[in-house]
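Okay, entry-v2.pdb now, which holds PDB, C-alpha atoms:
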```
ATOM      1  CA  MET A   1     -40.093 -26.213  23.695  1.00  0.00           C
ATOM      2  CA  LYS A   2     -38.206 -24.212  21.056  1.00  0.00           C
ATOM      3  CA  LYS A   3     -39.501 -24.215  17.483  1.00  0.00           C
ATOM      4  CA  VAL A   4     -36.994 -25.174  14.805  1.00  0.00           C
ATOM      5  CA  LYS A   5     -37.538 -23.510  11.461  1.00  0.00           C
ATOM      6  CA  LYS A   6     -37.149 -25.840   8.536  1.00  0.00           C
ATOM      7  CA  THR A   7     -35.177 -24.597   5.543  1.00  0.00           C
ATOM      8  CA  SER A   8     -36.587 -25.315   2.119  1.00  0.00           C
ATOM      9  CA  GLY A   9     -34.525 -27.051  -0.554  1.00  0.00           C
ATOM     10  CA  ILE A  10     -33.941 -23.730  -2.319  1.00  0.00           C
ATOM     11  CA  GLY A  11     -32.857 -22.132   0.980  1.00  0.00           C
ATOM     12  CA  VAL A  12     -30.292 -24.887   1.539  1.00  0.00           C
ATOM     13  CA  ILE A  13     -28.951 -24.441  -2.002  1.00  0.00           C
ATOM     14  CA  LEU A  14     -28.650 -20.650  -1.540  1.00  0.00           C
ATOM     15  CA  LEU A  15     -26.911 -21.098   1.818  1.00  0.00           C
ATOM     16  CA  THR A  16     -24.489 -23.591   0.282  1.00  0.00           C
ATOM     17  CA  ILE A  17     -23.671 -21.335  -2.680  1.00  0.00           C
ATOM     18  CA  GLY A  18     -23.218 -18.347  -0.364  1.00  0.00           C
ATOM     19  CA  SER A  19     -20.943 -20.367   1.893  1.00  0.00           C
ATOM     20  CA  LEU A  20     -18.844 -21.544  -1.051  1.00  0.00           C
ATOM     21  CA  LEU A  21     -18.515 -18.017  -2.422  1.00  0.00           C
ATOM     22  CA  PHE A  22     -17.513 -16.681   0.994  1.00  0.00           C
ATOM     23  CA  HIS A  23     -14.991 -19.508   1.397  1.00  0.00           C
ATOM     24  CA  ASP A  24     -13.538 -18.840  -2.077  1.00  0.00           C
ATOM     25  CA  ILE A  25     -13.035 -15.139  -1.375  1.00  0.00           C
ATOM     26  CA  SER A  26     -11.902 -15.441   2.245  1.00  0.00           C
ATOM     27  CA  CYS A  27      -9.424 -18.223   1.580  1.00  0.00           C
ATOM     28  CA  GLY A  28      -7.417 -16.274  -0.944  1.00  0.00           C
ATOM     29  CA  HIS A  29      -8.528 -18.005  -4.105  1.00  0.00           C
ATOM     30  CA  SER A  30      -8.621 -14.627  -5.822  1.00  0.00           C
ATOM     31  CA  SER A  31      -6.045 -11.856  -5.473  1.00  0.00           C
ATOM     32  CA  LYS A  32      -8.343  -9.416  -7.225  1.00  0.00           C
ATOM     33  CA  ILE A  33     -11.605  -8.916  -5.356  1.00  0.00           C
ATOM     34  CA  ALA A  34     -13.228  -6.386  -7.687  1.00  0.00           C
ATOM     35  CA  PRO A  35     -13.534  -7.552 -11.306  1.00  0.00           C
ATOM     36  CA  SER A  36     -13.341  -3.924 -12.439  1.00  0.00           C
ATOM     37  CA  GLY A  37      -9.835  -3.687 -10.991  1.00  0.00           C
ATOM     38  CA  ALA A  38     -10.905  -0.967  -8.531  1.00  0.00           C
ATOM     39  CA  ILE A  39      -9.305  -2.853  -5.640  1.00  0.00           C
ATOM     40  CA  GLU A  40      -6.512  -5.408  -5.843  1.00  0.00           C
ATOM     41  CA  ILE A  41      -5.380  -7.385  -2.809  1.00  0.00           C
ATOM     42  CA  TYR A  42      -2.116  -9.298  -2.489  1.00  0.00           C
ATOM     43  CA  PHE A  43      -0.601 -11.328   0.343  1.00  0.00           C
ATOM     44  CA  SER A  44       3.067 -12.006   1.005  1.00  0.00           C
ATOM     45  CA  PRO A  45       4.977 -14.196   0.842  1.00  0.00           C
ATOM     46  CA  ASP A  46       2.842 -16.006  -1.794  1.00  0.00           C
ATOM     47  CA  ASP A  47       1.911 -13.065  -4.032  1.00  0.00           C
ATOM     48  CA  PRO A  48       4.507 -10.808  -5.701  1.00  0.00           C
ATOM     49  CA  CYS A  49       3.762  -7.774  -3.491  1.00  0.00           C
ATOM     50  CA  MET A  50       7.140  -6.138  -4.095  1.00  0.00           C
ATOM     51  CA  ASP A  51       6.757  -6.497  -7.870  1.00  0.00           C
ATOM     52  CA  VAL A  52       3.267  -4.961  -7.747  1.00  0.00           C
ATOM     53  CA  ILE A  53       4.635  -1.912  -5.916  1.00  0.00           C
ATOM     54  CA  ILE A  54       7.646  -1.535  -8.193  1.00  0.00           C
ATOM     55  CA  ASN A  55       5.566  -1.887 -11.369  1.00  0.00           C
ATOM     56  CA  LYS A  56       3.207   0.868 -10.171  1.00  0.00           C
ATOM     57  CA  ILE A  57       6.179   3.128  -9.372  1.00  0.00           C
ATOM     58  CA  LEU A  58       7.788   2.509 -12.756  1.00  0.00           C
ATOM     59  CA  ALA A  59       4.486   3.184 -14.550  1.00  0.00           C
ATOM     60  CA  ALA A  60       4.022   6.564 -12.822  1.00  0.00           C
ATOM     61  CA  LYS A  61       3.870   9.525 -15.170  1.00  0.00           C
ATOM     62  CA  ASN A  62       3.430  12.643 -12.991  1.00  0.00           C
ATOM     63  CA  ARG A  63       3.664  12.253  -9.215  1.00  0.00           C
ATOM     64  CA  ILE A  64       4.356   9.795  -6.418  1.00  0.00           C
ATOM     65  CA  LEU A  65       3.607  10.832  -2.846  1.00  0.00           C
ATOM     66  CA  VAL A  66       4.998   8.393  -0.303  1.00  0.00           C
ATOM     67  CA  GLN A  67       4.108   8.074   3.380  1.00  0.00           C
ATOM     68  CA  ALA A  68       6.233   5.557   5.248  1.00  0.00           C
ATOM     69  CA  TYR A  69       7.694   4.769   8.624  1.00  0.00           C
ATOM     70  CA  VAL A  70      10.945   3.810   6.908  1.00  0.00           C
ATOM     71  CA  ILE A  71      12.075   2.298   3.598  1.00  0.00           C
ATOM     72  CA  THR A  72      14.790  -0.356   3.646  1.00  0.00           C
ATOM     73  CA  SER A  73      14.029  -2.048   0.326  1.00  0.00           C
ATOM     74  CA  GLN A  74      16.748  -1.280  -2.209  1.00  0.00           C
ATOM     75  CA  LYS A  75      14.343  -2.265  -5.019  1.00  0.00           C
ATOM     76  CA  ILE A  76      11.737   0.297  -3.970  1.00  0.00           C
ATOM     77  CA  VAL A  77      14.406   2.981  -3.477  1.00  0.00           C
ATOM     78  CA  ASN A  78      15.878   2.267  -6.925  1.00  0.00           C
ATOM     79  CA  SER A  79      12.412   2.455  -8.496  1.00  0.00           C
ATOM     80  CA  LEU A  80      11.634   5.780  -6.802  1.00  0.00           C
ATOM     81  CA  ILE A  81      14.985   7.194  -7.952  1.00  0.00           C
ATOM     82  CA  GLN A  82      14.314   5.974 -11.525  1.00  0.00           C
ATOM     83  CA  ALA A  83      10.901   7.658 -11.475  1.00  0.00           C
ATOM     84  CA  HIS A  84      12.497  10.868 -10.172  1.00  0.00           C
ATOM     85  CA  GLN A  85      15.095  10.731 -12.955  1.00  0.00           C
ATOM     86  CA  ARG A  86      12.250  10.445 -15.498  1.00  0.00           C
ATOM     87  CA  GLN A  87      10.931  13.778 -14.190  1.00  0.00           C
ATOM     88  CA  VAL A  88       8.160  12.207 -12.092  1.00  0.00           C
ATOM     89  CA  GLU A  89       7.663  14.303  -8.959  1.00  0.00           C
ATOM     90  CA  VAL A  90       8.564  12.049  -6.028  1.00  0.00           C
ATOM     91  CA  ARG A  91       8.081  13.276  -2.450  1.00  0.00           C
ATOM     92  CA  LEU A  92       8.408  11.377   0.810  1.00  0.00           C
ATOM     93  CA  LEU A  93       6.858  11.844   4.227  1.00  0.00           C
ATOM     94  CA  ILE A  94       8.607   9.667   6.811  1.00  0.00           C
ATOM     95  CA  ASP A  95       8.706   8.989  10.537  1.00  0.00           C
ATOM     96  CA  LYS A  96      11.186  10.957  12.623  1.00  0.00           C
ATOM     97  CA  GLN A  97      13.177   7.777  13.342  1.00  0.00           C
ATOM     98  CA  ALA A  98      13.491   6.736   9.673  1.00  0.00           C
ATOM     99  CA  VAL A  99      16.801   8.529   9.170  1.00  0.00           C
ATOM    100  CA  THR A 100      18.550   6.564  11.918  1.00  0.00           C
ATOM    101  CA  SER A 101      16.614   3.274  11.644  1.00  0.00           C
ATOM    102  CA  HIS A 102      18.743   0.212  10.911  1.00  0.00           C
ATOM    103  CA  GLY A 103      18.840  -0.436   7.166  1.00  0.00           C
ATOM    104  CA  SER A 104      17.129   2.831   6.216  1.00  0.00           C
ATOM    105  CA  LYS A 105      17.756   3.878   2.606  1.00  0.00           C
ATOM    106  CA  ILE A 106      16.499   7.444   3.128  1.00  0.00           C
ATOM    107  CA  HIS A 107      19.989   8.894   2.539  1.00  0.00           C
ATOM    108  CA  LEU A 108      20.020   7.441  -1.005  1.00  0.00           C
ATOM    109  CA  LEU A 109      16.748   9.203  -1.807  1.00  0.00           C
ATOM    110  CA  LEU A 110      18.107  12.466  -0.409  1.00  0.00           C
ATOM    111  CA  GLN A 111      21.288  12.105  -2.475  1.00  0.00           C
ATOM    112  CA  ALA A 112      19.123  11.651  -5.580  1.00  0.00           C
ATOM    113  CA  GLY A 113      17.455  14.999  -4.847  1.00  0.00           C
ATOM    114  CA  ILE A 114      14.086  13.658  -3.707  1.00  0.00           C
ATOM    115  CA  PRO A 115      12.453  15.971  -1.142  1.00  0.00           C
ATOM    116  CA  ILE A 116      11.774  14.328   2.196  1.00  0.00           C
ATOM    117  CA  THR A 117       9.675  15.663   5.062  1.00  0.00           C
ATOM    118  CA  ILE A 118       9.688  14.348   8.618  1.00  0.00           C
ATOM    119  CA  ASP A 119       6.171  13.660   9.935  1.00  0.00           C
ATOM    120  CA  ARG A 120       6.059  15.213  13.393  1.00  0.00           C
ATOM    121  CA  THR A 121       3.333  12.895  14.699  1.00  0.00           C
ATOM    122  CA  LEU A 122       3.389  12.559  18.481  1.00  0.00           C
ATOM    123  CA  GLY A 123       3.702   8.787  18.233  1.00  0.00           C
ATOM    124  CA  ILE A 124       4.928   6.797  15.272  1.00  0.00           C
ATOM    125  CA  ALA A 125       4.093   7.790  11.690  1.00  0.00           C
ATOM    126  CA  HIS A 126       3.379   4.197  10.698  1.00  0.00           C
ATOM    127  CA  ASN A 127       1.644   4.788   7.362  1.00  0.00           C
ATOM    128  CA  LYS A 128       2.555   2.724   4.328  1.00  0.00           C
ATOM    129  CA  ILE A 129       1.014   4.657   1.469  1.00  0.00           C
ATOM    130  CA  MET A 130       1.932   5.597  -2.081  1.00  0.00           C
ATOM    131  CA  ILE A 131      -0.325   7.838  -4.105  1.00  0.00           C
ATOM    132  CA  ILE A 132       0.544   7.452  -7.765  1.00  0.00           C
ATOM    133  CA  ASP A 133      -0.622   9.936 -10.413  1.00  0.00           C
ATOM    134  CA  ASP A 134      -3.783  10.685  -8.411  1.00  0.00           C
ATOM    135  CA  THR A 135      -5.200   7.431  -9.812  1.00  0.00           C
ATOM    136  CA  HIS A 136      -3.843   4.679  -7.517  1.00  0.00           C
ATOM    137  CA  VAL A 137      -3.199   4.314  -3.808  1.00  0.00           C
ATOM    138  CA  ILE A 138      -0.976   1.510  -2.568  1.00  0.00           C
ATOM    139  CA  THR A 139      -1.446   0.736   1.118  1.00  0.00           C
ATOM    140  CA  GLY A 140      -1.685  -2.199   3.526  1.00  0.00           C
ATOM    141  CA  SER A 141       0.440  -3.762   6.226  1.00  0.00           C
ATOM    142  CA  PHE A 142       3.306  -4.480   3.801  1.00  0.00           C
ATOM    143  CA  ASN A 143       6.440  -2.812   5.163  1.00  0.00           C
ATOM    144  CA  TRP A 144       8.717  -1.598   2.388  1.00  0.00           C
ATOM    145  CA  THR A 145      11.417  -4.082   3.229  1.00  0.00           C
ATOM    146  CA  HIS A 146      12.862  -7.208   1.651  1.00  0.00           C
ATOM    147  CA  THR A 147      11.696  -9.192   4.679  1.00  0.00           C
ATOM    148  CA  ALA A 148       8.064  -8.152   4.092  1.00  0.00           C
ATOM    149  CA  GLN A 149       8.115 -10.060   0.801  1.00  0.00           C
ATOM    150  CA  THR A 150      10.204 -13.065   1.775  1.00  0.00           C
ATOM    151  CA  ARG A 151       9.510 -13.846   5.430  1.00  0.00           C
ATOM    152  CA  ASN A 152       6.444 -11.989   6.697  1.00  0.00           C
ATOM    153  CA  ALA A 153       2.727 -12.503   6.237  1.00  0.00           C
ATOM    154  CA  GLU A 154       1.633  -9.057   5.046  1.00  0.00           C
ATOM    155  CA  ASN A 155      -0.789  -7.500   2.586  1.00  0.00           C
ATOM    156  CA  VAL A 156      -0.811  -4.914  -0.174  1.00  0.00           C
ATOM    157  CA  VAL A 157      -4.005  -3.193  -1.242  1.00  0.00           C
ATOM    158  CA  VAL A 158      -4.055  -1.215  -4.488  1.00  0.00           C
ATOM    159  CA  ILE A 159      -7.029   1.123  -4.703  1.00  0.00           C
ATOM    160  CA  GLN A 160      -7.906   2.751  -7.994  1.00  0.00           C
ATOM    161  CA  GLY A 161     -10.023   5.882  -8.174  1.00  0.00           C
ATOM    162  CA  GLN A 162      -9.562   9.619  -7.958  1.00  0.00           C
ATOM    163  CA  ALA A 163     -12.007  10.026  -5.056  1.00  0.00           C
ATOM    164  CA  TYR A 164      -9.933   7.662  -2.899  1.00  0.00           C
ATOM    165  CA  CYS A 165      -6.696   9.283  -4.004  1.00  0.00           C
ATOM    166  CA  LYS A 166      -8.076  12.702  -3.124  1.00  0.00           C
ATOM    167  CA  ARG A 167      -8.744  11.582   0.452  1.00  0.00           C
ATOM    168  CA  PHE A 168      -5.301  10.017   0.885  1.00  0.00           C
ATOM    169  CA  LYS A 169      -3.648  13.027  -0.773  1.00  0.00           C
ATOM    170  CA  ALA A 170      -5.429  15.456   1.573  1.00  0.00           C
ATOM    171  CA  ASN A 171      -4.063  13.512   4.550  1.00  0.00           C
ATOM    172  CA  TRP A 172      -0.576  13.427   2.981  1.00  0.00           C
ATOM    173  CA  TYR A 173      -0.513  17.209   2.536  1.00  0.00           C
ATOM    174  CA  LYS A 174      -1.974  17.799   6.010  1.00  0.00           C
ATOM    175  CA  ARG A 175       0.813  15.717   7.578  1.00  0.00           C
ATOM    176  CA  ALA A 176       3.517  17.211   5.309  1.00  0.00           C
ATOM    177  CA  THR A 177       2.413  20.782   6.058  1.00  0.00           C
ATOM    178  CA  ALA A 178       2.811  20.084   9.778  1.00  0.00           C
ATOM    179  CA  GLY A 179       6.111  18.293   9.135  1.00  0.00           C
ATOM    180  CA  GLN A 180       9.708  19.413   8.914  1.00  0.00           C
ATOM    181  CA  PRO A 181      11.836  19.238   5.732  1.00  0.00           C
ATOM    182  CA  LEU A 182      14.844  16.945   6.055  1.00  0.00           C
TER     183      LEU A 182
END
```
Represent the structure contained in this file as structure tokens.
Amino acid sequence: MKKVKKTSGIGVILLTIGSLLFHDISCGHSSKIAPSGAIEIYFSPDDPCMDVIINKILAAKNRILVQAYVITSQKIVNSLIQAHQRQVEVRLLIDKQAVTSHGSKIHLLLQAGIPITIDRTLGIAHNKIMIIDDTHVITGSFNWTHTAQTRNAENVVVIQGQAYCKRFKANWYKRATAGQPL
């Protein structure tokens, strides 16, 4: 016969509180997980993912390094061009198919004078990363398209901290060094 361990009244209360806290976090009741603002998490289509990305781009002061499969969002392209025109260094690292992908806005970035490098990854360069001023990294499943905001279930994660940025930046430069300028 198997022994059943009884849970004390305090144990039941702690389990209930823990369960409620887990439910609150896992069910999206808070877009910001870390109260310090170190990590922000957003989900489309309910959260304004596109606005979060654009606001970070427009707030950039020094540099934006972008890694993307392709960019089809006119809003993101316009924001990157505006940042470039404000003398923010903007550089892109894209997949080899991004130039010919349907809806790609890469040509507009090239026309604006933004340097673009083709990632020569054997497979698909499917990163979705922006490193902004070595202080923020924007990443997640969110494709930089209008559809990602309006019709898809995707996520955006904004990570704050120079140590994280350093790691993402090292990968960006590693891929760009092995890449080919467009």
Report task. Dig up all the protein and nucleic acid residues within 12 Å of (1.5, 6.7, 3.7) in the file frame, using only C-alpha atoms, and format them as a PyMOL selection string. Result -> chain A and resi 64-71+91-95+119+125-132+137-144+165+167-176
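Between atom CA of Gly123 of chain A and atom CA of Thr177 of chain A the interatomic distance comes to 17.1 Å.
Counting only C-alpha atoms and comparing A:His102, A:Glu40, A:Ile118, A:Asn155, the residue that lies closest to Ala178 of chain A is A:Ile118.
Atom pair atom CA of Tyr42 of chain A / atom CA of Ile124 of chain A: separated by 25.0 Å.
For the pair atom CA of Ile41 of chain A and atom CA of Gln97 of chain A, the separation is 28.9 Å.
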Requested in this report: Taking the file above as input, evaluate the PyMOL selection byres ((chain A and resi 106) around 10) and report the hits as an MDAnalysis selection string.
Outcome: chainID A and resid 70:72 77 92 94 98:101 103:105 107:111 114 116
Query raised in the report: Contacts of Ser79 of chain A at 9 Å or less, counting all atoms listed in the file, minus same-chain residues fewer than 5 places along, as a list in words?
Result: Ile54, Asn55, Ile57, Leu58, Gln74 and His84 of chain A
Requested in this report: Could you check which of A:Ala163, A:Val52, A:Val88, A:Ile39 is closest to Gln149 of chain A, using only C-alpha atoms?
Outcome: A:Val52
Report task. Kindly resolve the PyMOL selection byres ((chain A and resi 151) around 12) on the present coordinates and return the residues as a ChimeraX atom specification. Result -> /A:43-46,142-143,145-150,152-154
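Counting only C-alpha atoms and comparing A:Lys166, A:Lys56, A:Lys96, A:His136, the residue that lies closest to Thr121 of chain A is A:Lys96.
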Please rebuild segment 36-58 of chain A with N, CA and C atoms and return the result as an mmCIF file, in the coordinates of the input.
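Listing of rebuild27.cif after writing:
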```cif
data_model
loop_
_atom_site.group_PDB
_atom_site.id
_atom_site.type_symbol
_atom_site.label_atom_id
_atom_site.label_comp_id
_atom_site.auth_asym_id
_atom_site.auth_seq_id
_atom_site.Cartn_x
_atom_site.Cartn_y
_atom_site.Cartn_z
ATOM 1 N N SER A 36 -13.638 -5.147 -11.700
ATOM 2 C CA SER A 36 -13.341 -3.924 -12.439
ATOM 3 C C SER A 36 -11.899 -3.483 -12.210
ATOM 4 N N GLY A 37 -11.200 -4.079 -11.279
ATOM 5 C CA GLY A 37 -9.835 -3.687 -10.991
ATOM 6 C C GLY A 37 -9.766 -2.508 -10.036
ATOM 7 N N ALA A 38 -10.885 -2.112 -9.435
ATOM 8 C CA ALA A 38 -10.905 -0.967 -8.531
ATOM 9 C C ALA A 38 -10.102 -1.240 -7.265
ATOM 10 N N ILE A 39 -10.092 -2.475 -6.815
ATOM 11 C CA ILE A 39 -9.305 -2.853 -5.640
ATOM 12 C C ILE A 39 -8.611 -4.174 -5.935
ATOM 13 N N GLU A 40 -7.294 -4.181 -5.700
ATOM 14 C CA GLU A 40 -6.512 -5.408 -5.843
ATOM 15 C C GLU A 40 -5.907 -5.712 -4.477
ATOM 16 N N ILE A 41 -5.907 -6.984 -4.112
ATOM 17 C CA ILE A 41 -5.380 -7.385 -2.809
ATOM 18 C C ILE A 41 -4.353 -8.498 -3.010
ATOM 19 N N TYR A 42 -3.206 -8.328 -2.373
ATOM 20 C CA TYR A 42 -2.116 -9.298 -2.489
ATOM 21 C C TYR A 42 -1.610 -9.638 -1.092
ATOM 22 N N PHE A 43 -1.104 -10.868 -0.951
ATOM 23 C CA PHE A 43 -0.601 -11.328 0.343
ATOM 24 C C PHE A 43 0.803 -11.900 0.172
ATOM 25 N N SER A 44 1.727 -11.423 1.017
ATOM 26 C CA SER A 44 3.067 -12.006 1.005
ATOM 27 C C SER A 44 3.091 -13.148 2.029
ATOM 28 N N PRO A 45 3.928 -14.115 1.844
ATOM 29 C CA PRO A 45 4.977 -14.196 0.842
ATOM 30 C C PRO A 45 4.535 -14.825 -0.488
ATOM 31 N N ASP A 46 3.276 -15.278 -0.593
ATOM 32 C CA ASP A 46 2.842 -16.006 -1.794
ATOM 33 C C ASP A 46 2.683 -15.135 -3.032
ATOM 34 N N ASP A 47 2.125 -13.952 -2.884
ATOM 35 C CA ASP A 47 1.911 -13.065 -4.032
ATOM 36 C C ASP A 47 3.123 -12.149 -4.217
ATOM 37 N N PRO A 48 3.339 -11.664 -5.424
ATOM 38 C CA PRO A 48 4.507 -10.808 -5.701
ATOM 39 C C PRO A 48 4.274 -9.348 -5.286
ATOM 40 N N CYS A 49 4.085 -9.115 -4.008
ATOM 41 C CA CYS A 49 3.762 -7.774 -3.491
ATOM 42 C C CYS A 49 4.801 -6.736 -3.907
ATOM 43 N N MET A 50 6.067 -7.074 -3.752
ATOM 44 C CA MET A 50 7.140 -6.138 -4.095
ATOM 45 C C MET A 50 7.075 -5.773 -5.577
ATOM 46 N N ASP A 51 6.847 -6.757 -6.424
ATOM 47 C CA ASP A 51 6.757 -6.497 -7.870
ATOM 48 C C ASP A 51 5.567 -5.600 -8.203
ATOM 49 N N VAL A 52 4.454 -5.802 -7.523
ATOM 50 C CA VAL A 52 3.267 -4.961 -7.747
ATOM 51 C C VAL A 52 3.613 -3.507 -7.449
ATOM 52 N N ILE A 53 4.258 -3.271 -6.316
ATOM 53 C CA ILE A 53 4.635 -1.912 -5.916
ATOM 54 C C ILE A 53 5.606 -1.305 -6.917
ATOM 55 N N ILE A 54 6.631 -2.038 -7.265
ATOM 56 C CA ILE A 54 7.646 -1.535 -8.193
ATOM 57 C C ILE A 54 7.046 -1.245 -9.564
ATOM 58 N N ASN A 55 6.190 -2.125 -10.061
ATOM 59 C CA ASN A 55 5.566 -1.887 -11.369
ATOM 60 C C ASN A 55 4.713 -0.622 -11.368
ATOM 61 N N LYS A 56 4.008 -0.366 -10.276
ATOM 62 C CA LYS A 56 3.207 0.868 -10.171
ATOM 63 C C LYS A 56 4.123 2.087 -10.147
ATOM 64 N N ILE A 57 5.228 2.005 -9.417
ATOM 65 C CA ILE A 57 6.179 3.128 -9.372
ATOM 66 C C ILE A 57 6.739 3.394 -10.763
ATOM 67 N N LEU A 58 7.168 2.341 -11.438
ATOM 68 C CA LEU A 58 7.788 2.509 -12.756
ATOM 69 C C LEU A 58 6.797 2.968 -13.822
#
```
